[in-house]
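Data from run-v9.pdb: PDB, C-alpha atoms
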```
MODEL        1
ATOM      1  CA  MET A 167      17.139 -10.319   2.759
ATOM      2  CA  ARG A 168      17.239  -7.705   0.039
ATOM      3  CA  LEU A 169      13.971  -5.812  -0.336
ATOM      4  CA  VAL A 170      13.132  -3.421  -3.185
ATOM      5  CA  PHE A 171      10.637  -0.620  -2.529
ATOM      6  CA  VAL A 172       9.112   0.886  -5.666
ATOM      7  CA  MET A 173       7.857   4.218  -4.381
ATOM      8  CA  ASP A 174       7.846   7.995  -4.661
ATOM      9  CA  PRO A 175      10.968  10.166  -4.194
ATOM     10  CA  LEU A 176      12.261  10.250  -0.633
ATOM     11  CA  ASP A 177      11.546  13.967  -0.253
ATOM     12  CA  ARG A 178       7.858  13.028  -0.097
ATOM     13  CA  VAL A 179       8.418  10.629   2.808
ATOM     14  CA  THR A 180       7.563  11.801   6.346
ATOM     15  CA  HIS A 181       9.358   9.917   9.087
ATOM     16  CA  ASP A 182       6.481  10.110  11.582
ATOM     17  CA  LYS A 183       3.573   9.229   9.286
ATOM     18  CA  ASP A 184       4.745   7.354   6.212
ATOM     19  CA  THR A 185       3.943   3.638   6.176
ATOM     20  CA  THR A 186       6.745   2.765   3.748
ATOM     21  CA  PHE A 187       9.223   4.503   6.081
ATOM     22  CA  ALA A 188       8.004   2.194   8.862
ATOM     23  CA  PHE A 189       8.499  -0.876   6.652
ATOM     24  CA  ILE A 190      12.066   0.135   5.788
ATOM     25  CA  GLN A 191      12.798   0.972   9.418
ATOM     26  CA  ALA A 192      11.511  -2.432  10.547
ATOM     27  CA  ALA A 193      13.510  -4.217   7.849
ATOM     28  CA  GLN A 194      16.709  -2.389   8.808
ATOM     29  CA  ALA A 195      16.195  -3.211  12.496
ATOM     30  CA  ARG A 196      15.951  -6.891  11.576
ATOM     31  CA  GLY A 197      19.193  -6.802   9.575
ATOM     32  CA  HIS A 198      17.780  -6.646   6.056
ATOM     33  CA  GLU A 199      18.889  -4.363   3.219
ATOM     34  CA  SER A 200      16.292  -2.107   1.604
ATOM     35  CA  HIS A 201      16.590  -0.596  -1.872
ATOM     36  CA  HIS A 202      14.676   2.398  -3.240
ATOM     37  CA  CYS A 203      13.588   2.870  -6.831
ATOM     38  CA  LEU A 204      11.095   4.912  -8.833
ATOM     39  CA  LEU A 205       8.714   3.616 -11.486
ATOM     40  CA  ARG A 206      11.079   4.830 -14.194
ATOM     41  CA  ASP A 207      13.924   2.785 -12.678
ATOM     42  CA  LEU A 208      12.235  -0.509 -13.583
ATOM     43  CA  TYR A 209      13.258  -2.065 -16.887
ATOM     44  CA  ILE A 210      13.322  -5.302 -18.891
ATOM     45  CA  GLU A 211      16.424  -6.686 -20.586
ATOM     46  CA  ASP A 212      16.169  -9.860 -22.664
ATOM     47  CA  GLY A 213      12.898 -10.664 -20.954
ATOM     48  CA  GLU A 214      14.251 -10.279 -17.413
ATOM     49  CA  PRO A 215      12.856  -7.625 -15.042
ATOM     50  CA  TRP A 216      15.478  -5.374 -13.430
ATOM     51  CA  ALA A 217      15.590  -2.217 -11.329
ATOM     52  CA  VAL A 218      18.163   0.538 -10.920
ATOM     53  CA  THR A 219      18.162   1.065  -7.163
ATOM     54  CA  HIS A 220      19.969   2.757  -4.301
ATOM     55  CA  PRO A 221      20.324   1.137  -0.882
ATOM     56  CA  VAL A 222      18.386   3.231   1.603
ATOM     57  CA  ASP A 223      19.212   3.864   5.265
ATOM     58  CA  ILE A 224      17.054   5.019   8.170
ATOM     59  CA  LEU A 225      18.820   7.616  10.346
ATOM     60  CA  ALA A 226      18.311   8.624  13.981
ATOM     61  CA  ALA A 227      18.002  12.344  13.097
ATOM     62  CA  PRO A 228      16.948  14.491  10.115
ATOM     63  CA  PRO A 229      16.780  13.806   7.211
ATOM     64  CA  TRP A 230      15.698  10.465   8.831
ATOM     65  CA  ILE A 231      15.960   8.534   5.546
ATOM     66  CA  THR A 232      18.664   8.739   2.886
ATOM     67  CA  LEU A 233      20.001   7.018  -0.195
ATOM     68  CA  ARG A 234      23.404   5.396   0.162
ATOM     69  CA  ARG A 235      25.274   7.059  -2.702
ATOM     70  CA  GLU A 236      28.723   5.493  -2.476
ATOM     71  CA  GLY A 237      29.428   3.202  -5.386
ATOM     72  CA  GLY A 238      26.624   4.659  -7.467
ATOM     73  CA  PRO A 239      23.295   2.994  -8.268
ATOM     74  CA  VAL A 240      22.875  -0.775  -8.143
ATOM     75  CA  LYS A 241      21.317  -2.841 -10.916
ATOM     76  CA  LEU A 242      19.271  -5.632  -9.376
ATOM     77  CA  ARG A 243      17.578  -8.485 -11.186
ATOM     78  CA  LEU A 244      14.232  -8.664  -9.430
ATOM     79  CA  ALA A 245      14.219 -12.457  -9.471
ATOM     80  CA  ASP A 246      17.323 -12.355  -7.233
ATOM     81  CA  VAL A 247      15.837 -10.310  -4.378
ATOM     82  CA  GLU A 248      13.574 -11.696  -1.672
ATOM     83  CA  ALA A 249      10.683  -9.244  -2.054
ATOM     84  CA  VAL A 250       9.467  -6.247  -4.034
ATOM     85  CA  PHE A 251       7.067  -3.815  -2.357
ATOM     86  CA  MET A 252       4.958  -1.793  -4.790
ATOM     87  CA  ARG A 253       4.416   1.344  -2.688
ATOM     88  CA  LYS A 254       3.963   4.050  -5.319
ATOM     89  CA  ASP A 255       1.148   6.400  -4.355
ATOM     90  CA  PRO A 256      -1.778   6.837  -6.771
ATOM     91  CA  PRO A 257      -2.757   7.771  -9.393
ATOM     92  CA  PHE A 258      -2.875   4.431 -11.141
ATOM     93  CA  ASP A 259      -1.824   5.891 -14.485
ATOM     94  CA  ARG A 260      -0.084   4.523 -17.574
ATOM     95  CA  ALA A 261       3.332   4.556 -15.889
ATOM     96  CA  TYR A 262       1.914   2.611 -12.945
ATOM     97  CA  LEU A 263       0.313   0.096 -15.321
ATOM     98  CA  TYR A 264       3.577  -0.508 -17.169
ATOM     99  CA  ALA A 265       5.389  -0.958 -13.848
ATOM    100  CA  THR A 266       2.988  -3.739 -12.860
ATOM    101  CA  LEU A 267       3.601  -5.439 -16.211
ATOM    102  CA  ILE A 268       7.354  -5.374 -15.576
ATOM    103  CA  LEU A 269       6.883  -6.764 -12.062
ATOM    104  CA  GLU A 270       4.692  -9.497 -13.526
ATOM    105  CA  ARG A 271       7.812 -11.002 -15.102
ATOM    106  CA  ALA A 272       9.218 -11.725 -11.639
ATOM    107  CA  ARG A 273       6.158 -13.751 -10.615
ATOM    108  CA  GLY A 274       7.015 -16.961  -8.808
ATOM    109  CA  ARG A 275      10.656 -15.999  -8.323
ATOM    110  CA  THR A 276      10.302 -13.269  -5.705
ATOM    111  CA  LEU A 277       7.622 -12.109  -3.300
ATOM    112  CA  LEU A 278       5.487  -9.311  -4.780
ATOM    113  CA  ILE A 279       3.573  -7.072  -2.345
ATOM    114  CA  ASN A 280       1.002  -6.367  -3.520
ATOM    115  CA  ASP A 281       0.639  -8.728  -6.476
ATOM    116  CA  PRO A 282       0.791  -6.728  -9.748
ATOM    117  CA  ARG A 283      -2.097  -8.647 -11.265
ATOM    118  CA  GLY A 284      -4.161  -7.957  -8.156
ATOM    119  CA  LEU A 285      -3.240  -4.268  -8.347
ATOM    120  CA  ARG A 286      -4.486  -4.083 -11.935
ATOM    121  CA  ASP A 287      -7.753  -5.811 -11.085
ATOM    122  CA  ALA A 288      -8.435  -3.961  -7.830
ATOM    123  CA  ASN A 289      -9.519  -0.434  -8.596
ATOM    124  CA  GLU A 290      -9.790   0.970  -5.090
ATOM    125  CA  LYS A 291     -13.256   2.399  -5.653
ATOM    126  CA  LEU A 292     -14.717  -0.576  -7.559
ATOM    127  CA  TYR A 293     -13.141  -3.541  -5.779
ATOM    128  CA  ALA A 294     -15.463  -3.118  -2.793
ATOM    129  CA  LEU A 295     -18.367  -3.952  -5.110
ATOM    130  CA  ASN A 296     -17.206  -7.582  -5.031
ATOM    131  CA  PHE A 297     -18.851  -7.601  -1.591
ATOM    132  CA  PRO A 298     -22.262  -5.957  -2.201
ATOM    133  CA  GLU A 299     -23.703  -7.151   1.107
ATOM    134  CA  TRP A 300     -21.172  -4.896   2.877
ATOM    135  CA  THR A 301     -21.271  -1.774   0.699
ATOM    136  CA  PRO A 302     -23.655   1.202   0.625
ATOM    137  CA  HIS A 303     -26.016   1.548  -2.350
ATOM    138  CA  THR A 304     -23.711   2.369  -5.249
ATOM    139  CA  LEU A 305     -23.980   3.465  -8.875
ATOM    140  CA  VAL A 306     -21.143   3.618 -11.421
ATOM    141  CA  THR A 307     -22.035   5.596 -14.512
ATOM    142  CA  ALA A 308     -21.170   8.452 -16.848
ATOM    143  CA  ASP A 309     -24.870   9.235 -17.387
ATOM    144  CA  ARG A 310     -25.614  12.512 -15.593
ATOM    145  CA  ASP A 311     -29.365  11.955 -15.466
ATOM    146  CA  MET A 312     -28.799   8.597 -13.754
ATOM    147  CA  VAL A 313     -26.624  10.306 -11.132
ATOM    148  CA  HIS A 314     -29.332  12.844 -10.281
ATOM    149  CA  ALA A 315     -32.032  10.162 -10.270
ATOM    150  CA  PHE A 316     -29.951   8.077  -7.847
ATOM    151  CA  CYS A 317     -29.606  11.081  -5.574
ATOM    152  CA  ARG A 318     -33.369  11.686  -5.559
ATOM    153  CA  GLU A 319     -34.052   8.003  -4.833
ATOM    154  CA  HIS A 320     -31.712   7.924  -1.838
ATOM    155  CA  GLY A 321     -33.026  10.758   0.272
ATOM    156  CA  GLY A 322     -31.968  13.641  -1.956
ATOM    157  CA  VAL A 323     -28.281  13.452  -0.984
ATOM    158  CA  ALA A 324     -25.368  11.385  -2.319
ATOM    159  CA  MET A 325     -21.587  11.302  -2.490
ATOM    160  CA  VAL A 326     -19.862  11.419  -5.880
ATOM    161  CA  LYS A 327     -16.194  10.773  -6.654
ATOM    162  CA  PRO A 328     -13.906   9.947  -9.576
ATOM    163  CA  LEU A 329     -12.729   6.371 -10.040
ATOM    164  CA  ASP A 330      -9.054   7.338 -10.078
ATOM    165  CA  GLY A 331      -8.897   9.778  -7.163
ATOM    166  CA  ALA A 332      -6.957   9.410  -3.921
ATOM    167  CA  GLY A 333      -6.587  11.292  -0.651
ATOM    168  CA  GLY A 334     -10.155  12.597  -0.827
ATOM    169  CA  MET A 335      -9.578  14.348  -4.154
ATOM    170  CA  GLY A 336     -12.852  14.943  -6.002
ATOM    171  CA  VAL A 337     -15.083  13.520  -3.248
ATOM    172  CA  ILE A 338     -18.132  15.795  -3.141
ATOM    173  CA  GLN A 339     -21.604  15.683  -1.610
ATOM    174  CA  ILE A 340     -24.478  16.591  -3.914
ATOM    175  CA  LYS A 341     -28.067  17.385  -2.976
ATOM    176  CA  THR A 342     -31.228  17.392  -5.042
ATOM    177  CA  GLY A 343     -32.263  20.991  -5.618
ATOM    178  CA  ASP A 344     -28.802  22.420  -5.007
ATOM    179  CA  LYS A 345     -28.059  24.748  -7.914
ATOM    180  CA  ASN A 346     -24.428  23.564  -7.936
ATOM    181  CA  ALA A 347     -25.286  19.850  -8.193
ATOM    182  CA  ARG A 348     -25.509  19.730 -11.980
ATOM    183  CA  ALA A 349     -22.273  21.654 -12.417
ATOM    184  CA  ILE A 350     -20.501  19.271 -10.024
ATOM    185  CA  VAL A 351     -21.713  16.196 -11.895
ATOM    186  CA  ASP A 352     -20.876  17.799 -15.264
ATOM    187  CA  MET A 353     -17.348  18.484 -13.997
ATOM    188  CA  LEU A 354     -16.686  15.020 -12.557
ATOM    189  CA  THR A 355     -18.109  13.164 -15.570
ATOM    190  CA  HIS A 356     -16.476  15.559 -18.061
ATOM    191  CA  GLU A 357     -19.983  16.268 -19.348
ATOM    192  CA  GLY A 358     -21.011  12.629 -19.508
ATOM    193  CA  ARG A 359     -17.793  11.162 -20.938
ATOM    194  CA  HIS A 360     -16.117   9.732 -17.799
ATOM    195  CA  LEU A 361     -17.406   7.160 -15.342
ATOM    196  CA  ILE A 362     -17.828   8.203 -11.727
ATOM    197  CA  ILE A 363     -18.974   6.377  -8.615
ATOM    198  CA  VAL A 364     -22.069   7.527  -6.724
ATOM    199  CA  GLN A 365     -22.903   6.253  -3.239
ATOM    200  CA  GLU A 366     -25.696   6.820  -0.796
ATOM    201  CA  PHE A 367     -24.793   9.304   1.904
ATOM    202  CA  LEU A 368     -23.901   7.641   5.209
ATOM    203  CA  PRO A 369     -24.648  10.134   8.030
ATOM    204  CA  SER A 370     -22.152   8.393  10.330
ATOM    205  CA  VAL A 371     -19.355   9.818   8.154
ATOM    206  CA  THR A 372     -19.408  12.852  10.456
ATOM    207  CA  ALA A 373     -18.159  10.584  13.277
ATOM    208  CA  GLY A 374     -15.282   9.359  11.142
ATOM    209  CA  ASP A 375     -14.004   6.957   8.509
ATOM    210  CA  LYS A 376     -12.395   3.826   9.954
ATOM    211  CA  ARG A 377      -9.239   2.453   8.295
ATOM    212  CA  VAL A 378      -8.857  -1.274   8.952
ATOM    213  CA  LEU A 379      -5.373  -2.545   8.113
ATOM    214  CA  LEU A 380      -5.060  -6.172   7.024
ATOM    215  CA  LEU A 381      -2.060  -8.466   6.611
ATOM    216  CA  ASP A 382      -2.794 -11.541   4.497
ATOM    217  CA  GLY A 383      -6.483 -11.189   5.308
ATOM    218  CA  GLU A 384      -5.996 -10.835   9.067
ATOM    219  CA  PRO A 385      -6.624  -7.539  10.903
ATOM    220  CA  LEU A 386      -3.605  -5.694  12.264
ATOM    221  CA  GLY A 387      -5.945  -3.151  13.838
ATOM    222  CA  ALA A 388      -7.865  -0.001  13.026
ATOM    223  CA  ILE A 389      -7.682   3.765  13.300
ATOM    224  CA  LEU A 390     -10.473   6.312  12.966
ATOM    225  CA  ARG A 391      -9.994   9.352  10.747
ATOM    226  CA  VAL A 392     -12.265  12.169  11.905
ATOM    227  CA  PRO A 393     -13.177  15.043   9.548
ATOM    228  CA  ARG A 394     -12.699  18.687  10.447
ATOM    229  CA  GLY A 395     -15.799  20.532  11.527
ATOM    230  CA  ASP A 396     -16.092  22.197   8.118
ATOM    231  CA  GLU A 397     -15.491  18.996   6.073
ATOM    232  CA  LEU A 398     -17.161  15.687   5.238
ATOM    233  CA  ARG A 399     -13.886  14.155   4.012
ATOM    234  CA  SER A 400     -11.841  12.566   6.767
ATOM    235  CA  ASN A 401      -8.625  11.916   4.822
ATOM    236  CA  ILE A 402      -5.486  12.930   6.696
ATOM    237  CA  HIS A 403      -4.357  14.611   3.467
ATOM    238  CA  VAL A 404      -7.195  17.157   3.753
ATOM    239  CA  GLY A 405      -6.936  17.825   7.468
ATOM    240  CA  GLY A 406      -8.644  14.867   9.107
ATOM    241  CA  SER A 407      -7.421  13.919  12.576
ATOM    242  CA  VAL A 408      -6.653  10.370  13.697
ATOM    243  CA  VAL A 409      -7.911   8.745  16.902
ATOM    244  CA  PRO A 410      -7.750   5.171  18.252
ATOM    245  CA  ALA A 411     -10.407   2.701  17.157
ATOM    246  CA  GLU A 412     -11.436  -0.901  17.718
ATOM    247  CA  LEU A 413     -13.132  -3.281  15.311
ATOM    248  CA  THR A 414     -16.751  -4.074  16.055
ATOM    249  CA  ASP A 415     -18.019  -7.642  15.865
ATOM    250  CA  ARG A 416     -19.710  -6.837  12.568
ATOM    251  CA  GLU A 417     -16.510  -5.347  11.148
ATOM    252  CA  ARG A 418     -14.634  -8.513  12.111
ATOM    253  CA  GLU A 419     -17.305 -10.459  10.243
ATOM    254  CA  MET A 420     -16.708  -8.162   7.262
ATOM    255  CA  VAL A 421     -12.972  -8.889   7.359
ATOM    256  CA  ARG A 422     -13.659 -12.632   7.369
ATOM    257  CA  ALA A 423     -15.948 -12.185   4.365
ATOM    258  CA  VAL A 424     -13.460 -10.259   2.215
ATOM    259  CA  ALA A 425     -10.254 -12.085   3.254
ATOM    260  CA  PRO A 426     -10.523 -15.107   0.897
ATOM    261  CA  ARG A 427     -10.861 -12.876  -2.165
ATOM    262  CA  LEU A 428      -7.953 -10.661  -1.048
ATOM    263  CA  ARG A 429      -5.711 -13.710  -0.576
ATOM    264  CA  ALA A 430      -6.738 -15.153  -3.947
ATOM    265  CA  ASP A 431      -5.787 -11.865  -5.626
ATOM    266  CA  GLY A 432      -2.414 -11.629  -3.854
ATOM    267  CA  LEU A 433      -3.412  -8.488  -1.950
ATOM    268  CA  VAL A 434      -1.293  -8.939   1.172
ATOM    269  CA  PHE A 435      -1.275  -5.478   2.766
ATOM    270  CA  VAL A 436      -4.662  -3.784   2.433
ATOM    271  CA  GLY A 437      -6.583  -0.918   4.019
ATOM    272  CA  LEU A 438     -10.364  -1.182   4.205
ATOM    273  CA  ASP A 439     -12.286   2.085   4.507
ATOM    274  CA  VAL A 440     -15.391   1.590   6.632
ATOM    275  CA  ILE A 441     -18.128   4.106   7.459
ATOM    276  CA  GLY A 442     -20.910   3.035   9.770
ATOM    277  CA  GLU A 443     -19.878  -0.620   9.379
ATOM    278  CA  ARG A 444     -20.229  -0.319   5.576
ATOM    279  CA  LEU A 445     -17.315  -0.949   3.227
ATOM    280  CA  THR A 446     -16.683   2.071   0.980
ATOM    281  CA  GLU A 447     -13.184   1.449  -0.460
ATOM    282  CA  VAL A 448     -10.450  -1.187  -0.545
ATOM    283  CA  ASN A 449      -7.014   0.464  -0.610
ATOM    284  CA  VAL A 450      -4.320  -1.702  -2.206
ATOM    285  CA  THR A 451      -1.849   0.553  -4.023
ATOM    286  CA  SER A 452      -0.187   2.215  -1.032
ATOM    287  CA  PRO A 453      -2.290   1.838   2.141
ATOM    288  CA  THR A 454      -1.327   4.150   5.001
ATOM    289  CA  GLY A 455      -1.932   4.370   8.732
ATOM    290  CA  ILE A 456       0.483   1.829  10.177
ATOM    291  CA  GLN A 457       2.492   4.379  12.175
ATOM    292  CA  GLU A 458      -0.644   5.869  13.737
ATOM    293  CA  LEU A 459      -1.850   2.355  14.577
ATOM    294  CA  GLY A 460       1.476   1.566  16.223
ATOM    295  CA  ARG A 461       1.390   4.707  18.367
ATOM    296  CA  PHE A 462      -2.157   4.013  19.561
ATOM    297  CA  THR A 463      -1.481   0.367  20.398
ATOM    298  CA  GLY A 464       2.077   0.742  21.698
ATOM    299  CA  THR A 465       3.205  -1.914  19.205
ATOM    300  CA  ARG A 466       5.210  -2.083  15.969
ATOM    301  CA  PRO A 467       2.802  -3.538  13.380
ATOM    302  CA  SER A 468       5.404  -2.871  10.676
ATOM    303  CA  ASP A 469       7.487  -5.633  12.290
ATOM    304  CA  ARG A 470       4.680  -8.066  11.550
ATOM    305  CA  ILE A 471       4.839  -7.164   7.862
ATOM    306  CA  ILE A 472       8.566  -7.900   7.690
ATOM    307  CA  GLU A 473       8.138 -11.098   9.728
ATOM    308  CA  TRP A 474       5.516 -12.208   7.197
ATOM    309  CA  VAL A 475       7.957 -11.526   4.369
ATOM    310  CA  GLU A 476      10.670 -13.519   6.167
ATOM    311  CA  ALA A 477       8.291 -16.471   6.409
ATOM    312  CA  HIS A 478       7.040 -16.317   2.808
ATOM    313  CA  ALA A 479      10.004 -15.093   0.734
ATOM    314  CA  PRO A 480      11.823 -17.635  -1.461
ATOM    315  CA  LYS A 481      14.763 -19.230   0.302
ATOM    316  CA  ARG A 482      18.015 -18.437  -1.524
TER     317      ARG A 482
ENDMDL
END
```

Produce structure tokens that represent the structure in this file.
Amino acid sequence: MRLVFVMDPLDRVTHDKDTTFAFIQAAQARGHESHHCLLRDLYIEDGEPWAVTHPVDILAAPPWITLRREGGPVKLRLADVEAVFMRKDPPFDRAYLYATLILERARGRTLLINDPRGLRDANEKLYALNFPEWTPHTLVTADRDMVHAFCREHGGVAMVKPLDGAGGMGVIQIKTGDKNARAIVDMLTHEGRHLIIVQEFLPSVTAGDKRVLLLDGEPLGAILRVPRGDELRSNIHVGGSVVPAELTDREREMVRAVAPRLRADGLVFVGLDVIGERLTEVNVTSPTGIQELGRFTGTRPSDRIIEWVEAHAPKR
């Protein structure tokens, strides 16, 4: 198969942590050819979606991953490849939006992971609200007075975050009576002009934030991201550590509850963020954690992704 990975530049890829690296490595081991491209390398000509790509190779030593330069870039019609992985890290900005609209034109002719329409509909902060029985008490508003009232009503403490953040950026705890609380809410809402999400504080966050990785609605496994002693955020990006984790019976019930909607929206590879058996986010743009999961379980879950693609890609 030929697989196209729409992603960030390779100098941002870490061979021992990056999930996209693991996908490419698994594809190469199974005899498939992977191609790298950036958002700006996607284009439309006479209605057809194309990409300017470079074949990419996994190496056994640094730099670990490299573009195959001989012969120059390759122009690929996306309808002619077996699968396109949209693995560009957030933010979901205008360039990301336009990329999904280009990928939309390949619908039905190649496998799209994750589905561009699903990516547009699934804001990672808001999508969890499709399952209110599994989420903490949540408010989405630009009204600063409503934010402070919510905080007072839920024990005088709440978590606030922007709708377009990633990697823990902008996630802040506020407390009623804290003289910084109003300044924090003013900053995040741009003085009442931008929506933010406000959630009740879950004390079990100090024990960690569980990342549950799903393939086509089925659990691949879970890891637990544990915050530093001086942090509430457990994101690896801000210094959280990763330890093995198992799914509880209730978390398995949660997965069964959300899986039909994920499948309907074409969200094949997904990371659920779970704190105290409550669903806080649904990560769909570029979920991470598959290498850590593989190390803890002694398996290669990235192989299962590529096997799934082999089974579901159009036969040429």

Notebook entry, point to check: Residues at most 10 Å from Leu295 in chain A, counting all atoms listed in the file, excluding those fewer than 4 positions away in the same chain, as a list in words?
Noted result: Glu290, Lys291, Glu299, Trp300, Thr301, Pro302, His303, Thr304, Leu445, Thr446, Glu447 and Val448 of chain A

Neighbours of Leu459 in chain A within 12 Å (only C-alpha atoms; same-chain residues fewer than 5 positions away dropped), as a tab-separated table (two decimals) with C-alpha atoms, in the coordinates of the input?
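Here's the written file around-v4.tsv:
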```
chain	number	residue	atom	x	y	z
A	182	ASP	CA	6.48	10.11	11.58
A	183	LYS	CA	3.57	9.23	9.29
A	184	ASP	CA	4.74	7.35	6.21
A	185	THR	CA	3.94	3.64	6.18
A	188	ALA	CA	8.00	2.19	8.86
A	376	LYS	CA	-12.40	3.83	9.95
A	377	ARG	CA	-9.24	2.45	8.30
A	378	VAL	CA	-8.86	-1.27	8.95
A	379	LEU	CA	-5.37	-2.54	8.11
A	380	LEU	CA	-5.06	-6.17	7.02
A	385	PRO	CA	-6.62	-7.54	10.90
A	386	LEU	CA	-3.60	-5.69	12.26
A	387	GLY	CA	-5.94	-3.15	13.84
A	388	ALA	CA	-7.86	0.00	13.03
A	389	ILE	CA	-7.68	3.76	13.30
A	390	LEU	CA	-10.47	6.31	12.97
A	391	ARG	CA	-9.99	9.35	10.75
A	408	VAL	CA	-6.65	10.37	13.70
A	409	VAL	CA	-7.91	8.74	16.90
A	410	PRO	CA	-7.75	5.17	18.25
A	411	ALA	CA	-10.41	2.70	17.16
A	412	GLU	CA	-11.44	-0.90	17.72
A	454	THR	CA	-1.33	4.15	5.00
A	464	GLY	CA	2.08	0.74	21.70
A	465	THR	CA	3.20	-1.91	19.20
A	466	ARG	CA	5.21	-2.08	15.97
A	467	PRO	CA	2.80	-3.54	13.38
A	468	SER	CA	5.40	-2.87	10.68
```

Checklist line | Expansion of the PyMOL selection byres ((chain A and resi 392) around 12) into residues, as a ChimeraX atom specification | finding: /A:370-377,389-391,393-411,441

Item checked: Closest of A:Arg196, A:Val170, A:Arg271, A:Thr180 to Glu211 in chain A - atom-to-atom distances counting all atoms listed in the file ->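 Counting all atoms listed in the file, the residue closest to Glu211 in chain A is A:Arg271.
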
Note to self: For range 222-230 of chain A, find every residue with an atom within 7 Å (counting only C-alpha atoms), except residues of its own chain fewer than 3 positions away, and show them as a VMD selection string.
What the structure shows: chain A and resid 181 191 200 to 202 233 to 234

Note to self: For a quick check of understanding, using all atoms listed in the file, which of A:Glu199, A:Asp431, A:Asp246, A:Asp330 has the smallest distance to Arg168 in chain A?
What the structure shows: A:Glu199

Item checked: Minimum-distance residue to Ile362 in chain A, chosen among A:Thr307, A:Glu384, A:His320, A:Asp415 (using all atoms listed in the file) -> A:Thr307

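Those residues returned by the PyMOL selection byres ((chain A and resi 253) around 6) for this file are Val172, Met173, Phe251, Met252, Lys254 and Ser452 of chain A.
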
Next item on the list: Would you please work out which residue, of A:Ala477, A:Val218, A:Ala249, A:Ala261, is nearest to Leu278 in chain A when using only C-alpha atoms?
Entry: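 For Leu278 in chain A, the nearest of the given residues is A:Ala249.
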
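The nearest approach to Gln194 in chain A among the residues A:Val337, A:Val326, A:Leu169, A:Leu263, with all atoms listed in the file taken into account, belongs to A:Leu169.
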
Given the PyMOL selection byres ((chain A and resi 417) around 10), the residues it picks as a PDB file with C-alpha atoms, keeping the file's coordinate frame:
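Written file, out_21.pdb:
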```
ATOM      1  CA  TRP A 300     -21.172  -4.896   2.877  1.00  0.00           C
ATOM      2  CA  VAL A 378      -8.857  -1.274   8.952  1.00  0.00           C
ATOM      3  CA  GLU A 412     -11.436  -0.901  17.718  1.00  0.00           C
ATOM      4  CA  LEU A 413     -13.132  -3.281  15.311  1.00  0.00           C
ATOM      5  CA  THR A 414     -16.751  -4.074  16.055  1.00  0.00           C
ATOM      6  CA  ASP A 415     -18.019  -7.642  15.865  1.00  0.00           C
ATOM      7  CA  ARG A 416     -19.710  -6.837  12.568  1.00  0.00           C
ATOM      8  CA  ARG A 418     -14.634  -8.513  12.111  1.00  0.00           C
ATOM      9  CA  GLU A 419     -17.305 -10.459  10.243  1.00  0.00           C
ATOM     10  CA  MET A 420     -16.708  -8.162   7.262  1.00  0.00           C
ATOM     11  CA  VAL A 421     -12.972  -8.889   7.359  1.00  0.00           C
ATOM     12  CA  ARG A 422     -13.659 -12.632   7.369  1.00  0.00           C
ATOM     13  CA  ALA A 423     -15.948 -12.185   4.365  1.00  0.00           C
ATOM     14  CA  VAL A 440     -15.391   1.590   6.632  1.00  0.00           C
ATOM     15  CA  GLY A 442     -20.910   3.035   9.770  1.00  0.00           C
ATOM     16  CA  GLU A 443     -19.878  -0.620   9.379  1.00  0.00           C
ATOM     17  CA  ARG A 444     -20.229  -0.319   5.576  1.00  0.00           C
ATOM     18  CA  LEU A 445     -17.315  -0.949   3.227  1.00  0.00           C
TER      19      LEU A 445
END
```

Axis-aligned box for all listed atoms of range 188-198 of chain A, 4 Å per side, centre and edges in Å to one decimal, as lines of an AutoDock Vina configuration file:
```
center_x = 13.6
center_y = -2.3
center_z = 9.1
size_x = 19.2
size_y = 17.1
size_z = 14.7
```

Next item on the list: Can you work out which one of A:Cys317, A:Ala347, A:Ile338, A:Val436 has the shortest atom-to-atom distance to Glu366 in chain A, counting all atoms listed in the file?
Entry: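 Result for the nearest residue to Glu366 in chain A: A:Cys317.
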
Notebook entry, point to check: To one decimal place, how far is CA of Thr463 in chain A from CA of Pro369 in chain A in Å?
Noted result: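 Computing the Euclidean distance for CA of Thr463 in chain A and CA of Pro369 in chain A yields 28.0 Å.
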
Missing atoms of range 182-189 of chain A rebuilt to N, CA and C atoms, written as a PDB file, in the frame of the given file:
```pdb
ATOM      1  N   ASP A 182       7.402  10.400  10.491  1.00  0.00           N
ATOM      2  CA  ASP A 182       6.481  10.110  11.582  1.00  0.00           C
ATOM      3  C   ASP A 182       5.096   9.674  11.121  1.00  0.00           C
ATOM      4  N   LYS A 183       4.885   9.608   9.800  1.00  0.00           N
ATOM      5  CA  LYS A 183       3.573   9.229   9.286  1.00  0.00           C
ATOM      6  C   LYS A 183       3.631   8.171   8.190  1.00  0.00           C
ATOM      7  N   ASP A 184       4.711   8.158   7.432  1.00  0.00           N
ATOM      8  CA  ASP A 184       4.745   7.354   6.212  1.00  0.00           C
ATOM      9  C   ASP A 184       4.839   5.858   6.529  1.00  0.00           C
ATOM     10  N   THR A 185       3.959   5.081   5.939  1.00  0.00           N
ATOM     11  CA  THR A 185       3.943   3.638   6.176  1.00  0.00           C
ATOM     12  C   THR A 185       5.154   2.953   5.557  1.00  0.00           C
ATOM     13  N   THR A 186       5.574   3.383   4.370  1.00  0.00           N
ATOM     14  CA  THR A 186       6.745   2.765   3.748  1.00  0.00           C
ATOM     15  C   THR A 186       7.997   3.025   4.582  1.00  0.00           C
ATOM     16  N   PHE A 187       8.114   4.213   5.167  1.00  0.00           N
ATOM     17  CA  PHE A 187       9.223   4.503   6.081  1.00  0.00           C
ATOM     18  C   PHE A 187       9.248   3.463   7.198  1.00  0.00           C
ATOM     19  N   ALA A 188       8.072   3.162   7.764  1.00  0.00           N
ATOM     20  CA  ALA A 188       8.004   2.194   8.862  1.00  0.00           C
ATOM     21  C   ALA A 188       8.433   0.810   8.406  1.00  0.00           C
ATOM     22  N   PHE A 189       8.070   0.431   7.177  1.00  0.00           N
ATOM     23  CA  PHE A 189       8.499  -0.876   6.652  1.00  0.00           C
ATOM     24  C   PHE A 189      10.021  -0.937   6.547  1.00  0.00           C
TER      25      PHE A 189
END
```
